[in-house]
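Visitor: So here's data20.cif, just mmCIF, C-alpha atoms:
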data_coords
#
loop_
_atom_site.label_atom_id
_atom_site.label_comp_id
_atom_site.auth_asym_id
_atom_site.auth_seq_id
_atom_site.Cartn_x
_atom_site.Cartn_y
_atom_site.Cartn_z
CA MET A 5 33.97 2.57 -6.17
CA ALA A 6 33.72 1.04 -9.60
CA ASN A 7 32.99 3.22 -12.56
CA HIS A 8 29.85 2.07 -14.34
CA SER A 9 28.32 2.95 -17.61
CA ASN A 10 24.69 3.66 -18.18
CA GLN A 11 24.27 0.13 -19.57
CA ASP A 12 24.86 -1.31 -16.10
CA TYR A 13 21.40 -0.29 -15.01
CA HIS A 14 20.01 -3.16 -17.05
CA ARG A 15 21.86 -5.64 -14.85
CA LEU A 16 19.48 -5.15 -11.98
CA ARG A 17 17.05 -8.07 -12.09
CA SER A 18 13.67 -6.42 -11.93
CA GLY A 19 15.41 -3.13 -12.47
CA LEU A 20 13.54 -0.34 -14.05
CA THR A 21 15.35 2.93 -13.53
CA LEU A 22 13.63 6.10 -14.56
CA TYR A 23 15.74 9.16 -15.21
CA PRO A 24 14.31 12.65 -14.82
CA ALA A 25 13.88 13.05 -18.56
CA GLN A 26 11.96 9.76 -18.77
CA TYR A 27 9.88 10.55 -15.73
CA ALA A 28 9.00 13.95 -17.16
CA ALA A 29 8.01 12.34 -20.46
CA LEU A 30 5.86 9.72 -18.71
CA ASP A 31 4.22 12.38 -16.59
CA GLN A 32 3.55 14.52 -19.67
CA THR A 33 1.97 11.53 -21.42
CA LEU A 34 -0.31 11.01 -18.43
CA ALA A 35 -1.22 14.69 -18.50
CA ASP A 36 -1.98 14.51 -22.22
CA LEU A 37 -4.12 11.40 -21.70
CA THR A 38 -6.02 13.04 -18.87
CA GLN A 39 -6.79 16.04 -21.02
CA LYS A 40 -7.48 14.29 -24.30
CA LEU A 41 -9.88 11.59 -23.12
CA PRO A 42 -10.79 13.38 -20.75
CA ALA A 43 -9.98 11.14 -17.77
CA GLN A 44 -10.85 11.60 -14.13
CA LEU A 45 -7.76 9.77 -12.96
CA VAL A 46 -4.75 8.07 -14.52
CA VAL A 47 -2.30 6.04 -12.43
CA LEU A 48 0.93 4.52 -13.70
CA THR A 49 2.63 1.73 -11.77
CA ASP A 50 5.34 -0.76 -12.55
CA VAL A 51 4.26 -4.37 -12.97
CA SER A 52 5.26 -5.26 -9.43
CA GLY A 53 2.86 -2.66 -8.07
CA GLN A 54 5.10 0.28 -7.35
CA LEU A 55 3.55 3.64 -8.04
CA VAL A 56 5.28 5.69 -10.72
CA ALA A 57 3.03 8.70 -11.27
CA ALA A 58 -0.60 9.80 -11.24
CA ARG A 59 -2.69 12.59 -12.70
CA GLY A 60 -6.23 13.72 -12.08
CA GLU A 61 -8.46 13.48 -9.05
CA GLN A 62 -6.26 11.79 -6.45
CA GLU A 63 -7.76 13.17 -3.28
CA ARG A 64 -8.91 10.56 -0.79
CA ILE A 65 -7.41 7.76 -2.85
CA ASN A 66 -4.65 5.61 -1.39
CA LEU A 67 -2.46 5.48 -4.46
CA VAL A 68 0.07 3.11 -2.93
CA ALA A 69 -2.60 0.54 -2.15
CA LEU A 70 -4.17 1.15 -5.53
CA GLY A 71 -0.81 0.52 -7.20
CA SER A 72 -0.47 -2.90 -5.62
CA LEU A 73 -4.00 -3.80 -6.67
CA ILE A 74 -3.58 -2.54 -10.24
CA SER A 75 -0.55 -4.74 -10.77
CA GLY A 76 -2.26 -7.71 -9.12
CA ASP A 77 -5.35 -7.21 -11.21
CA LEU A 78 -3.38 -6.93 -14.43
CA ALA A 79 -1.21 -9.92 -13.59
CA ALA A 80 -4.31 -12.02 -12.92
CA SER A 81 -5.92 -10.87 -16.19
CA GLN A 82 -2.78 -11.68 -18.13
CA GLU A 83 -2.64 -15.13 -16.62
CA ILE A 84 -6.32 -15.76 -17.36
CA ALA A 85 -5.72 -14.73 -20.97
CA ARG A 86 -2.68 -16.98 -21.17
CA LEU A 87 -4.64 -19.95 -19.82
CA MET A 88 -7.38 -19.24 -22.35
CA GLY A 89 -4.81 -19.06 -25.13
CA GLU A 90 -5.65 -15.46 -25.89
CA TYR A 91 -2.73 -13.62 -24.43
CA GLN A 92 -1.50 -10.59 -26.30
CA ASP A 93 0.77 -7.70 -25.53
CA TYR A 94 -0.79 -4.54 -24.16
CA GLN A 95 -3.57 -6.47 -22.46
CA MET A 96 -6.51 -4.20 -21.74
CA VAL A 97 -9.20 -4.81 -19.13
CA LEU A 98 -12.35 -2.69 -19.01
CA ARG A 99 -14.74 -2.40 -16.09
CA GLU A 100 -17.95 -0.65 -16.95
CA GLY A 101 -19.53 1.18 -14.06
CA ARG A 102 -22.76 3.10 -13.57
CA THR A 103 -21.09 6.50 -13.58
CA ALA A 104 -17.50 5.76 -14.53
CA HIS A 105 -15.49 3.22 -16.46
CA THR A 106 -12.07 1.90 -15.52
CA PHE A 107 -9.40 0.58 -17.85
CA ILE A 108 -6.35 -1.33 -16.64
CA VAL A 109 -3.80 -1.74 -19.37
CA GLU A 110 -0.35 -3.24 -19.73
CA ALA A 111 2.13 -0.62 -20.96
CA GLY A 112 5.02 -2.71 -22.20
CA HIS A 113 6.96 -5.15 -20.07
CA HIS A 114 7.48 -2.86 -17.09
CA LEU A 115 4.42 -0.71 -16.59
CA ALA A 116 0.68 -0.85 -15.94
CA LEU A 117 -1.82 1.95 -16.41
CA LEU A 118 -5.17 2.60 -14.78
CA VAL A 119 -7.55 5.08 -16.38
CA ARG A 120 -10.86 6.10 -14.86
CA LEU A 121 -13.23 8.13 -16.96
CA SER A 122 -16.80 9.26 -16.97
CA GLN A 123 -19.32 6.95 -18.61
CA GLU A 124 -20.05 9.84 -20.97
CA VAL A 125 -16.71 9.29 -22.74
CA PRO A 126 -17.29 6.97 -25.73
CA LEU A 127 -15.57 3.64 -25.10
CA GLY A 128 -14.29 3.28 -28.67
CA TRP A 129 -12.59 6.64 -28.44
CA ALA A 130 -11.22 5.80 -25.01
CA ARG A 131 -9.81 2.48 -26.20
CA MET A 132 -8.05 4.12 -29.11
CA VAL A 133 -6.53 6.97 -27.12
CA ILE A 134 -5.47 4.71 -24.25
CA ARG A 135 -3.88 2.21 -26.61
CA GLN A 136 -1.84 4.97 -28.22
CA GLY A 137 -0.92 6.24 -24.77
CA VAL A 138 0.36 2.91 -23.44
CA HIS A 139 2.53 2.36 -26.51
CA GLN A 140 4.01 5.78 -25.91
CA LEU A 141 4.58 5.03 -22.21
CA ALA A 142 6.25 1.72 -23.02
CA GLU A 143 8.53 3.38 -25.53
CA ILE A 144 9.58 6.03 -23.03
CA ALA A 145 10.32 3.43 -20.35
CA ALA A 146 12.31 1.28 -22.76
CA THR A 147 14.50 4.13 -23.97
CA GLN A 148 17.38 4.73 -21.60
CA PRO A 149 18.88 8.19 -22.07
CA ALA A 150 22.00 7.81 -24.23
CA GLN A 151 23.91 10.54 -22.46
CA PRO A 152 22.64 11.17 -18.95
CA LEU A 153 23.04 14.73 -17.81
CA GLU A 154 26.02 15.52 -15.64
CA SER A 155 23.67 16.41 -12.82
CA GLU A 156 22.05 13.01 -13.07
CA LEU A 157 25.35 11.19 -12.93
CA ALA A 158 26.59 13.25 -10.02
CA GLY A 159 24.49 11.16 -7.68
CA SER A 160 24.08 8.15 -9.89
CA VAL A 161 22.38 4.96 -8.84
CA GLU A 162 25.72 3.22 -8.62
CA ALA A 163 27.23 5.99 -6.57
CA LEU A 164 24.44 5.69 -4.05
CA LEU A 165 24.03 1.94 -4.03
CA GLY A 166 27.76 1.40 -4.12
CA GLU A 167 28.34 3.16 -0.83
CA GLU A 168 30.15 0.85 1.54
CA ALA A 169 28.16 2.07 4.50
CA LEU A 170 24.82 1.42 2.81
CA PRO A 171 23.96 -1.83 4.67
CA ASN A 172 24.58 -0.10 7.99
CA LEU A 173 22.49 2.87 6.94
CA PHE A 174 19.62 0.54 6.04
CA SER A 175 19.98 -1.31 9.35
CA GLU A 176 19.81 1.93 11.29
CA ALA A 177 16.82 3.13 9.28
CA LEU A 178 15.02 -0.14 9.96
CA ASP A 179 15.82 0.09 13.68
CA ASP A 180 14.25 3.56 13.69
CA LEU A 181 11.12 2.14 12.13
CA TRP A 182 10.42 -0.34 14.90
CA THR A 183 8.57 1.02 17.94
CA GLU A 184 9.27 -1.83 20.37
CA MET B 9 13.70 -3.13 -7.63
CA PHE B 10 12.40 0.06 -9.10
CA ILE B 11 14.25 3.35 -8.85
CA ASN B 12 12.42 6.56 -9.53
CA TRP B 13 15.26 8.91 -10.09
CA GLN B 14 13.08 11.99 -10.31
CA LEU B 15 11.48 11.36 -6.95
CA ARG B 16 14.69 9.81 -5.62
CA GLU B 17 12.84 6.73 -4.47
CA LEU B 18 14.24 3.23 -4.20
CA ASN B 19 11.50 0.61 -4.11
CA LEU B 20 12.12 -2.94 -2.98
CA LYS B 21 9.70 -5.85 -3.11
CA ILE B 22 9.85 -8.54 -0.46
CA VAL B 23 7.56 -11.58 -0.67
CA TYR B 24 6.58 -13.77 2.28
CA TYR B 25 6.15 -17.29 0.97
CA GLY B 26 5.24 -20.54 2.70
CA ALA B 27 2.65 -23.22 3.34
CA ALA B 28 -0.94 -22.42 4.29
CA LEU B 29 -1.32 -21.17 7.88
CA SER B 30 2.44 -20.95 8.39
CA GLY B 31 2.15 -17.35 9.57
CA LYS B 32 2.88 -15.15 6.55
CA THR B 33 -0.03 -12.78 7.12
CA THR B 34 0.72 -12.76 10.85
CA ASN B 35 4.21 -11.46 10.07
CA LEU B 36 2.74 -8.55 8.15
CA GLU B 37 0.15 -7.88 10.83
CA GLN B 38 2.88 -7.68 13.45
CA ILE B 39 4.98 -5.37 11.30
CA HIS B 40 1.92 -3.20 10.73
CA ALA B 41 1.29 -3.09 14.47
CA LYS B 42 4.87 -2.33 15.50
CA VAL B 43 5.89 0.25 12.92
CA ASP B 44 5.27 3.94 13.48
CA PRO B 45 2.00 4.65 11.61
CA ARG B 46 3.62 7.66 9.93
CA ARG B 47 6.12 5.33 8.29
CA ARG B 48 3.80 2.68 6.92
CA GLY B 49 0.72 2.42 4.76
CA GLU B 50 -2.48 0.53 5.26
CA LEU B 51 -2.37 -3.24 5.41
CA ILE B 52 -4.22 -4.36 2.30
CA SER B 53 -5.60 -7.89 2.53
CA LEU B 54 -7.47 -9.72 -0.19
CA LYS B 55 -9.14 -12.48 1.79
CA THR B 56 -11.73 -15.17 1.28
CA HIS B 57 -14.95 -15.21 3.31
CA GLU B 58 -13.16 -17.63 5.62
CA ASP B 59 -10.52 -14.97 6.35
CA ARG B 60 -7.82 -16.80 4.40
CA THR B 61 -5.54 -15.00 1.98
CA LEU B 62 -7.12 -15.11 -1.46
CA TYR B 63 -4.55 -13.24 -3.50
CA PHE B 64 -2.09 -11.29 -1.35
CA ASP B 65 -1.55 -9.03 1.63
CA PHE B 66 0.37 -5.84 1.02
CA LEU B 67 2.10 -3.35 3.28
CA GLN B 68 4.42 -0.49 2.38
CA LEU B 69 7.14 0.73 4.74
CA GLU B 70 8.97 3.99 4.21
CA LEU B 71 12.46 4.36 5.60
CA GLY B 72 14.07 7.69 6.33
CA LYS B 73 16.33 9.18 3.67
CA ILE B 74 19.48 7.22 2.96
CA SER B 75 22.13 8.92 0.86
CA GLY B 76 19.47 11.18 -0.56
CA LEU B 77 17.17 8.31 -1.55
CA THR B 78 13.91 7.42 0.15
CA PRO B 79 13.74 3.63 0.32
CA LYS B 80 10.25 2.18 0.20
CA ILE B 81 9.82 -1.45 1.06
CA HIS B 82 6.83 -3.27 -0.33
CA LEU B 83 5.90 -6.39 1.61
CA TYR B 84 3.64 -9.00 0.04
CA THR B 85 2.38 -12.38 1.17
CA VAL B 86 1.25 -15.13 -1.14
CA PRO B 87 -1.85 -17.28 -0.56
CA GLY B 88 -0.60 -20.47 1.05
CA GLN B 89 -3.39 -22.81 0.12
CA THR B 90 -2.42 -25.30 -2.59
CA TYR B 91 -5.40 -24.25 -4.66
CA TYR B 92 -3.95 -20.78 -5.31
CA GLU B 93 -0.91 -21.98 -7.18
CA ALA B 94 -1.23 -19.50 -10.05
CA SER B 95 -1.67 -16.53 -7.73
CA ARG B 96 1.50 -17.34 -5.82
CA LYS B 97 3.54 -17.17 -8.98
CA LEU B 98 2.04 -13.82 -9.91
CA VAL B 99 2.82 -12.27 -6.54
CA LEU B 100 6.37 -13.59 -6.67
CA ARG B 101 7.04 -11.79 -9.92
CA GLY B 102 9.56 -8.99 -9.51
CA ALA B 103 10.50 -9.92 -5.95
CA ASP B 104 13.87 -8.66 -4.74
CA GLY B 105 13.90 -10.91 -1.69
CA VAL B 106 11.88 -13.71 -0.14
CA VAL B 107 11.04 -14.73 3.41
CA PHE B 108 10.11 -18.40 3.47
CA VAL B 109 7.93 -19.01 6.52
CA VAL B 110 8.05 -22.55 7.90
CA ASP B 111 5.46 -23.98 10.26
CA SER B 112 7.63 -25.78 12.84
CA ALA B 113 4.92 -28.28 13.79
CA ALA B 114 5.92 -31.86 13.08
CA ASN B 115 2.71 -32.63 11.22
CA ARG B 116 3.35 -29.81 8.71
CA THR B 117 6.56 -31.22 7.28
CA ASP B 118 5.04 -32.33 3.99
CA ASP B 119 3.31 -28.97 3.53
CA ASN B 120 6.57 -27.12 4.19
CA LEU B 121 8.46 -29.32 1.77
CA GLU B 122 5.83 -28.92 -0.92
CA SER B 123 5.85 -25.16 -0.54
CA TRP B 124 9.66 -25.00 -0.58
CA ALA B 125 9.75 -27.04 -3.79
CA ASN B 126 6.97 -24.90 -5.18
CA LEU B 127 8.95 -21.73 -4.50
CA GLN B 128 11.94 -23.14 -6.36
CA THR B 129 9.76 -24.11 -9.31
CA HIS B 130 8.28 -20.64 -9.60
CA LEU B 131 11.64 -18.93 -9.26
CA ALA B 132 13.02 -21.24 -11.93
CA SER B 133 10.19 -20.19 -14.23
CA PHE B 134 11.60 -16.66 -13.91
CA ASP B 135 15.12 -18.04 -14.55
CA ILE B 136 16.08 -17.43 -10.93
CA LEU B 137 17.92 -19.99 -8.83
CA LEU B 138 17.60 -20.19 -5.05
CA THR B 139 21.10 -18.84 -4.82
CA ASP B 140 20.31 -15.85 -7.05
CA ILE B 141 17.96 -14.11 -4.65
CA PRO B 142 18.18 -13.34 -0.94
CA ILE B 143 15.97 -15.85 0.88
CA MET B 144 15.56 -15.85 4.64
CA VAL B 145 13.96 -18.91 6.20
CA GLN B 146 11.84 -18.23 9.25
CA PHE B 147 11.05 -21.20 11.49
CA ASN B 148 7.79 -19.99 12.93
CA LYS B 149 5.62 -21.27 15.79
CA ARG B 150 8.62 -22.23 17.92
CA ASP B 151 6.34 -22.15 20.97
CA LEU B 152 4.39 -25.23 19.84
CA PRO B 153 5.00 -28.36 21.89
CA THR B 154 5.25 -30.27 18.63
CA ALA B 155 7.82 -27.90 17.13
CA MET B 156 10.59 -29.84 15.44
CA PRO B 157 14.21 -29.11 16.32
CA VAL B 158 15.72 -26.44 14.09
CA PRO B 159 18.65 -28.60 12.90
CA LEU B 160 16.16 -31.23 11.80
CA LEU B 161 14.07 -28.68 9.91
CA ARG B 162 17.20 -27.39 8.20
CA HIS B 163 18.10 -30.94 7.22
CA ILE B 164 14.63 -31.80 5.95
CA LEU B 165 14.42 -28.68 3.79
CA ARG B 166 17.99 -29.22 2.57
CA LEU B 167 18.76 -25.56 2.99
CA ASN B 168 21.71 -24.41 0.98
CA GLY B 169 23.16 -21.66 3.13
CA GLN B 170 19.97 -19.64 3.49
CA PRO B 171 19.99 -17.76 6.83
CA THR B 172 17.39 -19.03 9.30
CA PHE B 173 15.47 -17.31 12.07
CA GLU B 174 13.35 -18.67 14.87
CA ALA B 175 10.06 -16.93 15.44
CA VAL B 176 6.75 -16.87 17.20
CA ALA B 177 5.14 -14.43 14.82
CA ALA B 178 1.85 -14.28 16.71
CA GLN B 179 3.80 -12.76 19.61
CA GLY B 180 6.01 -10.65 17.38
CA ARG B 181 9.11 -12.69 18.21
CA GLY B 182 11.60 -12.97 15.36
CA VAL B 183 9.48 -10.90 12.98
CA PHE B 184 11.70 -7.84 12.92
CA ASP B 185 14.94 -9.83 12.81
CA THR B 186 13.71 -11.64 9.72
CA LEU B 187 12.54 -8.45 8.04
CA LYS B 188 15.81 -6.69 8.76
CA ALA B 189 17.83 -9.63 7.45
CA VAL B 190 15.96 -9.88 4.18
CA VAL B 191 16.22 -6.14 3.52
CA ASN B 192 19.94 -6.23 4.29
CA GLY B 193 20.26 -9.27 2.05
CA VAL B 194 18.60 -7.40 -0.80
CA VAL B 195 20.84 -4.37 -0.31
CA ALA B 196 23.93 -6.59 -0.28
CA ARG B 197 22.75 -8.38 -3.42
CA VAL B 198 22.12 -5.12 -5.26
CA GLN B 199 25.58 -3.90 -4.25
CA SER B 200 27.20 -7.09 -5.49
CA GLU B 201 25.32 -6.81 -8.79
CA ILE B 202 26.60 -3.32 -9.50
CA ALA B 203 30.16 -3.99 -8.20
#
Just give me the structure of the file as structure tokens.

Guide:
Amino acid sequence: MANHSNQDYHRLRSGLTLYPAQYAALDQTLADLTQKLPAQLVVLTDVSGQLVAARGEQERINLVALGSLISGDLAASQEIARLMGEYQDYQMVLREGRTAHTFIVEAGHHLALLVRLSQEVPLGWARMVIRQGVHQLAEIAATQPAQPLESELAGSVEALLGEEALPNLFSEALDDLWTE
Amino acid sequence: MFINWQLRELNLKIVYYGAALSGKTTNLEQIHAKVDPRRRGELISLKTHEDRTLYFDFLQLELGKISGLTPKIHLYTVPGQTYYEASRKLVLRGADGVVFVVDSAANRTDDNLESWANLQTHLASFDILLTDIPIMVQFNKRDLPTAMPVPLLRHILRLNGQPTFEAVAAQGRGVFDTLKAVVNGVVARVQSEIA
């Protein structure tokens, strides 16, 4: 198997790889946001809709489905803004509800954030705190650890994805999925 | 592709693309019906009042652990109707693999060609060539009396080595073979990228 440096992770096309240290930092940022606002729910996805992490009241919510819709919603909003000539980074969409408000915000090139909060939380305050939060999230995602821990490299992405038997393992796993 | 190293999850995005009414949503419905409910999520469909795809359909599949990673496959369809041009491009963003669904009926040739060209245009806007991404071509509706011969369809679409599959998605035929091929294609592509 080839020996790869940490830089190789960037070669994957849509590839965002989160290391434990990054994930922990993202999760902590979500926790801080939840507490500071305060928010009822915060959900972080990547821009293609894949769930990264969530904090707050998640019971009875299908987070996977929500993730796909958050990214779709944000992508549509970005495109609307672009068509209107008003596109800007860190696009923020607010939905005002009767009892709760929902923000969907771009967090850099890779991530999207949903925040739901009570209508009692002042919107100006919420906007400011969320904007700070998404900049922080984007910075964490963009910063690859310079020296991954030995334990992280022990089962590195390349080591796993480079396995010769991987296609067969995927085929078998897919066969198991099908009930025919 | 998105790898969550902390959760040891490998997420892949597969997009079903093709002309209106070619059978993209039907593919996902069949997959939803045939996969063990414990291994798949809900089928999310954003439809118009006329039951046509407005934005996308979405289905997540979860494979068993492979080398310590849990692969999750996210399946999307695009809206086929010409009108939803912008939405198709948005859904295509970040795709790791594509299934191009062709309606085999003779009177749908122009629609298939337009959609095929449209796919290439959108991929090009992301700086991706047809040869850069695993694309499986599914010739659907093979049971139609007006279905065109497969060699002719290949010729008309000027396929450039993309694997093809015959299907009758409404009966589940060819659906799994296509899915399996595109996932394997994505895995092979990822392996070649890191080699």

Visitor: For a test of reading the model, state the distance in Å between CA of Asp185 in chain B and CA of Leu71 in chain B, rounded to one decimal.

Guide: 16.1 Å

Visitor: List the residues matched by the PyMOL selection byres ((chain A) within 6 of (chain B)) in the displayed structure as a compact mmCIF listing (two decimals) with C-alpha atoms, keeping the file's coordinate frame, ordered by chain and then by residue number.

Guide:
# COMPACT_ATOMS: atom_id res chain seq x y z
CA SER A 18 13.67 -6.42 -11.93
CA GLY A 19 15.41 -3.13 -12.47
CA LEU A 20 13.54 -0.34 -14.05
CA THR A 21 15.35 2.93 -13.53
CA LEU A 22 13.63 6.10 -14.56
CA TYR A 23 15.74 9.16 -15.21
CA PRO A 24 14.31 12.65 -14.82
CA SER A 52 5.26 -5.26 -9.43
CA GLY A 166 27.76 1.40 -4.12
CA PRO A 171 23.96 -1.83 4.67
CA ALA A 177 16.82 3.13 9.28
CA LEU A 181 11.12 2.14 12.13
CA TRP A 182 10.42 -0.34 14.90
CA THR A 183 8.57 1.02 17.94

Visitor: Could you state which residues are captured by the PyMOL selection byres ((chain B and resi 163-171) around 10) in this file, as a VMD selection string?

Guide: chain B and resid 108 110 117 to 118 120 to 122 124 to 125 138 to 139 142 to 146 158 to 162 172 to 173 186 189 to 190 193

Visitor: Evaluate the PyMOL selection byres ((chain A and resi 65-67) around 10) against this structure - the residues, as an mmCIF file with C-alpha atoms, in the frame of the given file, please.

Guide:
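Result file out.cif:
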data_model
loop_
_atom_site.group_PDB
_atom_site.id
_atom_site.type_symbol
_atom_site.label_atom_id
_atom_site.label_comp_id
_atom_site.auth_asym_id
_atom_site.auth_seq_id
_atom_site.Cartn_x
_atom_site.Cartn_y
_atom_site.Cartn_z
ATOM 1 C CA VAL A 47 -2.300 6.040 -12.430
ATOM 2 C CA LEU A 48 0.930 4.520 -13.700
ATOM 3 C CA THR A 49 2.630 1.730 -11.770
ATOM 4 C CA GLN A 54 5.100 0.280 -7.350
ATOM 5 C CA LEU A 55 3.550 3.640 -8.040
ATOM 6 C CA VAL A 56 5.280 5.690 -10.720
ATOM 7 C CA ALA A 57 3.030 8.700 -11.270
ATOM 8 C CA ALA A 58 -0.600 9.800 -11.240
ATOM 9 C CA GLU A 61 -8.460 13.480 -9.050
ATOM 10 C CA GLN A 62 -6.260 11.790 -6.450
ATOM 11 C CA GLU A 63 -7.760 13.170 -3.280
ATOM 12 C CA ARG A 64 -8.910 10.560 -0.790
ATOM 13 C CA VAL A 68 0.070 3.110 -2.930
ATOM 14 C CA ALA A 69 -2.600 0.540 -2.150
ATOM 15 C CA LEU A 70 -4.170 1.150 -5.530
ATOM 16 C CA GLY A 71 -0.810 0.520 -7.200
ATOM 17 C CA SER A 72 -0.470 -2.900 -5.620
ATOM 18 C CA LEU A 73 -4.000 -3.800 -6.670
ATOM 19 C CA ILE A 74 -3.580 -2.540 -10.240
ATOM 20 C CA GLY B 49 0.720 2.420 4.760
ATOM 21 C CA GLU B 50 -2.480 0.530 5.260
#

Visitor: Need the shell around Val23 in chain B: protein/DNA/RNA residues with any atom at most 6 Å away, counting all atoms listed in the file. Skip same-chain ones fewer than 3 positions apart. Format as a PyMOL selection string?

Guide: chain B and resi 83-85+106

Visitor: Quick one: write out the picked residues with C-alpha atoms as a short mmCIF file (atom, residue, chain, number, x, y, z; two decimals), in the frame of the given file?

Guide:
data_model
loop_
_atom_site.label_atom_id
_atom_site.label_comp_id
_atom_site.auth_asym_id
_atom_site.auth_seq_id
_atom_site.Cartn_x
_atom_site.Cartn_y
_atom_site.Cartn_z
CA LEU B 83 5.90 -6.39 1.61
CA TYR B 84 3.64 -9.00 0.04
CA THR B 85 2.38 -12.38 1.17
CA VAL B 106 11.88 -13.71 -0.14
#

Visitor: Quick check, in Å to one decimal: how far apart do CA of Thr56 in chain B and CA of Glu37 in chain B lie?

Guide: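 Computing it gives 16.9 Å between the two atoms.
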
Visitor: Show me the residues close to (-8.1, 2.7, -18.7) - anything with an atom within 8 Å, counting all atoms listed in the file - and format the list as a PyMOL selection string.

Guide: chain A and resi 46+96-98+105-109+117-121+130-131+134

Visitor: Taking C-alpha atoms for each residue, export the selection above as an mmCIF file, in the coordinates of the input.

Guide:
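Full text of part.cif as output:
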data_model
loop_
_atom_site.group_PDB
_atom_site.id
_atom_site.type_symbol
_atom_site.label_atom_id
_atom_site.label_comp_id
_atom_site.auth_asym_id
_atom_site.auth_seq_id
_atom_site.Cartn_x
_atom_site.Cartn_y
_atom_site.Cartn_z
ATOM 1 C CA VAL A 46 -4.750 8.070 -14.520
ATOM 2 C CA MET A 96 -6.510 -4.200 -21.740
ATOM 3 C CA VAL A 97 -9.200 -4.810 -19.130
ATOM 4 C CA LEU A 98 -12.350 -2.690 -19.010
ATOM 5 C CA HIS A 105 -15.490 3.220 -16.460
ATOM 6 C CA THR A 106 -12.070 1.900 -15.520
ATOM 7 C CA PHE A 107 -9.400 0.580 -17.850
ATOM 8 C CA ILE A 108 -6.350 -1.330 -16.640
ATOM 9 C CA VAL A 109 -3.800 -1.740 -19.370
ATOM 10 C CA LEU A 117 -1.820 1.950 -16.410
ATOM 11 C CA LEU A 118 -5.170 2.600 -14.780
ATOM 12 C CA VAL A 119 -7.550 5.080 -16.380
ATOM 13 C CA ARG A 120 -10.860 6.100 -14.860
ATOM 14 C CA LEU A 121 -13.230 8.130 -16.960
ATOM 15 C CA ALA A 130 -11.220 5.800 -25.010
ATOM 16 C CA ARG A 131 -9.810 2.480 -26.200
ATOM 17 C CA ILE A 134 -5.470 4.710 -24.250
#

Visitor: Between A:Leu37, A:Arg102, A:Asp31, A:Ala25, which has the minimum distance to Val133 in chain A (counting only C-alpha atoms)?

Guide: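 The shortest atom-to-atom distance to Val133 in chain A comes from A:Leu37.
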
Visitor: Please indicate the distance in Å from CA of Arg135 in chain A to CA of Glu110 in chain A, rounded to one decimal place.

Guide: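 So the answer is 9.5 Å.
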